[in-house]
>>> print(open('my_file11.pdb').read())   # PDB, C-alpha atoms
MODEL        1
ATOM      1  CA  MET R   3      15.341   4.738  16.072
ATOM      2  CA  GLY R   4      15.241   0.975  16.458
ATOM      3  CA  ARG R   5      13.467   1.078  19.797
ATOM      4  CA  ILE R   6      10.600   3.183  18.495
ATOM      5  CA  ASP R   7      10.063   0.714  15.649
ATOM      6  CA  ILE R   8       9.848  -2.109  18.169
ATOM      7  CA  VAL R   9       7.351  -0.176  20.311
ATOM      8  CA  TYR R  10       5.157   0.785  17.345
ATOM      9  CA  GLY R  11       5.347  -2.714  15.900
ATOM     10  CA  VAL R  12       4.179  -4.265  19.163
ATOM     11  CA  LEU R  13       1.436  -1.633  19.652
ATOM     12  CA  LEU R  14       0.108  -1.999  16.109
ATOM     13  CA  GLY R  15       0.234  -5.788  16.409
ATOM     14  CA  ALA R  16      -1.741  -5.682  19.647
ATOM     15  CA  LEU R  17      -4.298  -3.307  18.126
ATOM     16  CA  SER R  18      -4.685  -5.487  15.055
ATOM     17  CA  LEU R  19      -5.307  -8.534  17.246
ATOM     18  CA  LEU R  20      -7.859  -6.595  19.301
ATOM     19  CA  PHE R  21      -9.700  -5.358  16.214
ATOM     20  CA  PHE R  22      -9.435  -8.804  14.634
ATOM     21  CA  ALA R  23     -11.277 -10.272  17.619
ATOM     22  CA  GLU R  24     -13.936  -7.557  17.282
ATOM     23  CA  THR R  25     -14.540  -8.298  13.599
ATOM     24  CA  LEU R  26     -15.402 -11.897  14.414
ATOM     25  CA  SER R  27     -18.691 -10.604  15.838
ATOM     26  CA  PHE R  28     -19.634  -8.832  12.565
ATOM     27  CA  PRO R  29     -22.724 -10.271  10.844
ATOM     28  CA  ARG R  30     -22.413 -12.719   7.992
ATOM     29  CA  SER R  31     -24.297 -12.268   4.747
ATOM     30  CA  SER R  32     -25.400 -14.946   2.344
ATOM     31  CA  GLY R  33     -24.675 -13.067  -0.881
ATOM     32  CA  GLY R  34     -21.301 -11.757  -1.979
ATOM     33  CA  ILE R  35     -18.563 -11.005   0.485
ATOM     34  CA  ASN R  36     -19.287 -10.803   4.200
ATOM     35  CA  PRO R  37     -18.985  -7.371   5.816
ATOM     36  CA  ARG R  38     -16.144  -8.758   7.884
ATOM     37  CA  VAL R  39     -13.939 -10.055   5.055
ATOM     38  CA  PHE R  40     -12.313  -6.744   4.101
ATOM     39  CA  PRO R  41     -11.545  -5.718   7.709
ATOM     40  CA  LEU R  42     -10.069  -9.165   8.324
ATOM     41  CA  ILE R  43      -7.816  -8.845   5.288
ATOM     42  CA  VAL R  44      -6.669  -5.408   6.405
ATOM     43  CA  LEU R  45      -6.068  -6.542   9.987
ATOM     44  CA  VAL R  46      -4.127  -9.663   9.016
ATOM     45  CA  SER R  47      -2.006  -7.481   6.730
ATOM     46  CA  LEU R  48      -1.496  -4.970   9.551
ATOM     47  CA  LEU R  49      -0.437  -7.760  11.888
ATOM     48  CA  GLY R  50       2.145  -9.006   9.398
ATOM     49  CA  LEU R  51       3.461  -5.525   8.691
ATOM     50  CA  SER R  52       3.674  -4.652  12.386
ATOM     51  CA  ALA R  53       5.612  -7.851  13.040
ATOM     52  CA  GLY R  54       7.955  -6.854  10.211
ATOM     53  CA  LEU R  55       8.371  -3.397  11.733
ATOM     54  CA  ALA R  56       9.215  -4.883  15.133
ATOM     55  CA  VAL R  57      11.773  -7.262  13.607
ATOM     56  CA  GLN R  58      13.254  -4.391  11.593
ATOM     57  CA  GLY R  59      13.517  -2.386  14.811
ATOM     58  CA  LEU R  60      15.303  -5.235  16.541
ATOM     59  CA  LEU R  61      17.812  -5.508  13.702
ATOM     60  CA  ARG R  62      18.331  -1.749  13.655
ATOM     61  CA  ALA R  63      18.864  -1.683  17.412
ATOM     62  CA  ARG R  64      21.582  -4.327  17.019
ATOM     63  CA  ARG R  65      23.302  -2.284  14.318
ATOM     64  CA  GLU R  66      23.136   0.863  16.434
ATOM     65  CA  LYS R  67      24.844  -0.984  19.267
ATOM     66  CA  ALA R  68      27.518  -2.127  16.814
ATOM     67  CA  GLY R  69      28.263   1.503  15.949
ATOM     68  CA  SER R  70      26.794   2.076  12.493
ATOM     69  CA  GLU R  71      24.495   5.080  12.181
ATOM     70  CA  PRO R  72      21.213   4.926  10.257
ATOM     71  CA  THR R  73      20.948   7.575   7.569
ATOM     72  CA  LEU R  74      18.174   9.209   5.617
ATOM     73  CA  PRO R  75      18.062   8.772   1.844
ATOM     74  CA  ARG R  76      20.471  11.112   0.102
ATOM     75  CA  GLY R  77      21.295  12.141  -3.431
ATOM     76  CA  LYS R  78      19.446  10.491  -6.272
ATOM     77  CA  THR R  79      17.350   8.294  -3.990
ATOM     78  CA  ALA R  80      16.053  11.310  -2.084
ATOM     79  CA  VAL R  81      15.193  13.074  -5.346
ATOM     80  CA  LYS R  82      13.381   9.961  -6.594
ATOM     81  CA  LEU R  83      11.351   9.772  -3.386
ATOM     82  CA  VAL R  84      10.377  13.443  -3.640
ATOM     83  CA  VAL R  85       9.358  13.010  -7.296
ATOM     84  CA  LEU R  86       7.336   9.909  -6.376
ATOM     85  CA  ALA R  87       5.634  11.812  -3.543
ATOM     86  CA  GLY R  88       4.777  14.556  -6.038
ATOM     87  CA  GLY R  89       3.425  11.906  -8.393
ATOM     88  CA  GLY R  90       1.289  10.549  -5.563
ATOM     89  CA  LEU R  91      -0.073  14.025  -4.896
ATOM     90  CA  ALA R  92      -0.805  14.542  -8.593
ATOM     91  CA  TYR R  93      -2.500  11.137  -8.651
ATOM     92  CA  ALA R  94      -4.712  12.096  -5.725
ATOM     93  CA  LEU R  95      -5.711  15.302  -7.502
ATOM     94  CA  LEU R  96      -6.225  13.728 -10.940
ATOM     95  CA  VAL R  97      -7.838  10.386 -10.109
ATOM     96  CA  GLU R  98     -11.282  11.964  -9.850
ATOM     97  CA  PRO R  99     -11.318  13.817 -13.193
ATOM     98  CA  LEU R 100      -9.252  11.249 -15.134
ATOM     99  CA  GLY R 101     -10.675   8.133 -13.500
ATOM    100  CA  PHE R 102      -8.982   5.184 -11.843
ATOM    101  CA  ILE R 103      -8.283   3.328 -15.089
ATOM    102  CA  LEU R 104      -6.342   6.217 -16.643
ATOM    103  CA  ALA R 105      -4.570   7.648 -13.590
ATOM    104  CA  THR R 106      -3.338   4.457 -11.921
ATOM    105  CA  PRO R 107      -1.150   3.089 -14.762
ATOM    106  CA  ILE R 108       0.562   6.479 -14.993
ATOM    107  CA  LEU R 109       1.524   6.413 -11.304
ATOM    108  CA  ILE R 110       2.698   2.799 -11.479
ATOM    109  CA  ALA R 111       4.760   3.543 -14.608
ATOM    110  CA  LEU R 112       6.306   6.586 -12.890
ATOM    111  CA  ALA R 113       7.330   4.471  -9.900
ATOM    112  CA  MET R 114       8.828   1.809 -12.160
ATOM    113  CA  VAL R 115      10.850   4.343 -14.164
ATOM    114  CA  LEU R 116      12.076   6.148 -11.045
ATOM    115  CA  PHE R 117      13.375   2.961  -9.489
ATOM    116  CA  GLY R 118      15.228   1.537 -12.427
ATOM    117  CA  GLU R 119      12.977  -0.170 -14.963
ATOM    118  CA  ARG R 120      13.989   0.838 -18.492
ATOM    119  CA  LYS R 121      12.096  -1.565 -20.766
ATOM    120  CA  PRO R 122       9.050   0.306 -22.149
ATOM    121  CA  LEU R 123       7.092  -2.852 -22.953
ATOM    122  CA  ARG R 124       7.559  -4.206 -19.429
ATOM    123  CA  ILE R 125       6.577  -0.845 -17.915
ATOM    124  CA  ALA R 126       3.417  -0.722 -20.032
ATOM    125  CA  LEU R 127       2.433  -4.336 -19.377
ATOM    126  CA  VAL R 128       3.053  -4.268 -15.633
ATOM    127  CA  SER R 129       1.331  -0.924 -15.079
ATOM    128  CA  LEU R 130      -1.718  -1.969 -17.129
ATOM    129  CA  ALA R 131      -1.914  -5.441 -15.572
ATOM    130  CA  ALA R 132      -1.513  -4.099 -12.027
ATOM    131  CA  SER R 133      -4.167  -1.445 -12.646
ATOM    132  CA  ALA R 134      -6.564  -4.007 -14.077
ATOM    133  CA  ALA R 135      -5.961  -6.350 -11.131
ATOM    134  CA  LEU R 136      -6.515  -3.537  -8.622
ATOM    135  CA  TYR R 137      -9.658  -2.437 -10.455
ATOM    136  CA  PHE R 138     -11.029  -5.987 -10.426
ATOM    137  CA  LEU R 139     -10.135  -6.455  -6.769
ATOM    138  CA  PHE R 140     -11.689  -3.246  -5.492
ATOM    139  CA  ARG R 141     -14.579  -2.884  -7.934
ATOM    140  CA  GLY R 142     -15.434  -6.542  -8.501
ATOM    141  CA  VAL R 143     -14.552  -8.298  -5.268
ATOM    142  CA  PHE R 144     -14.850  -5.604  -2.595
ATOM    143  CA  ARG R 145     -17.562  -3.623  -4.453
ATOM    144  CA  VAL R 146     -15.776  -0.320  -3.846
ATOM    145  CA  PRO R 147     -16.895   2.372  -6.284
ATOM    146  CA  LEU R 148     -13.854   3.784  -8.054
ATOM    147  CA  PRO R 149     -13.687   7.106  -9.914
ATOM    148  CA  ARG R 150     -14.784   6.778 -13.518
ATOM    149  CA  SER R 151     -13.152   8.539 -16.418
ATOM    150  CA  PHE R 152     -14.568  11.627 -18.064
ATOM    151  CA  PHE R 153     -15.262   9.698 -21.278
ATOM    152  CA  TRP R 154     -17.442   6.939 -19.774
TER     153      TRP R 154
ENDMDL
END
>>> encode(input="my_file11.pdb", output="structure tokens")
Amino acid sequence: MGRIDIVYGVLLGALSLLFFAETLSFPRSSGGINPRVFPLIVLVSLLGLSAGLAVQGLLRARREKAGSEPTLPRGKTAVKLVVLAGGGLAYALLVEPLGFILATPILIALAMVLFGERKPLRIALVSLAASAALYFLFRGVFRVPLPRSFFW
């Protein structure tokens, strides 16, 4: 398992560098964000994540040589992951009719509850603040149209 992570990490890193070089030829615009800013952000993130995957693969390969076996999530963690995947599916189905502003805090709150947060005020504040930040980022900065709610 560790070797495949190393291979994919290196391949994704190489692809991100290739695409990064290609985005440098994108046109610049004088108003707002350049057409190349979002792809650059995505590609720099991909490069960092692929490097992390390769390092994780190296560490896993060392552990496998030492004799410990990697395992899949079991028990409560597996159930939590399945419930979160179901929540993600429900989010994908409900984001259009409910709108981004109503559906996103629900998914964030679900993830927080599933993975241990028990303080209702913190859950509410973090899910609302994260949703507002994401809305501002995608709608305001990147100018991505997000699904509106049925009541506005």
>>> residues_near_point(input="my_file11.pdb", point="(-7.2, 4.2, -15.9)", cutoff="9 Å", atoms="all atoms listed in the file", output="PyMOL selection string")
chain R and resi 97+100-108+130+133-134+137+150-151
>>> residues_around(input="my_file11.pdb", residues="stretch 7-22 of chain R", least_positions_apart="2", cutoff="7 Å", atoms="all atoms listed in the file", output="list in words")
Met3, Gly4, Arg5, Glu24, Thr25, Leu26, Leu42, Leu45, Leu48, Leu49, Ser52, Ala53, Leu55, Ala56, Gly59 and Leu60 of chain R
>>> atom_distance(input="my_file11.pdb", atom1="atom CA of R:Ala87", atom2="atom CA of R:Ala113")
9.9 Å
>>> atom_distance(input="my_file11.pdb", atom1="atom CA of R:Leu123", atom2="atom CA of R:Leu136")
19.8 Å
>>> resolve_selection(input="my_file11.pdb", expression="the PyMOL selection byres ((chain R and resi 111) around 10)", output="JSON, numbers by chain")
{"R": [106, 107, 108, 109, 110, 112, 113, 114, 115, 116, 119, 122, 124, 125, 126, 127, 128, 129, 130]}
>>> atom_distance(input="my_file11.pdb", atom1="atom CA of R:Ala80", atom2="atom CA of R:Arg120")
19.6 Å
>>> residues_around(input="my_file11.pdb", residues="R:Lys78", least_positions_apart="4", cutoff="12 Å", atoms="only C-alpha atoms", output="JSON, numbers by chain")
{"R": [82, 83, 84, 85, 116, 117, 118]}
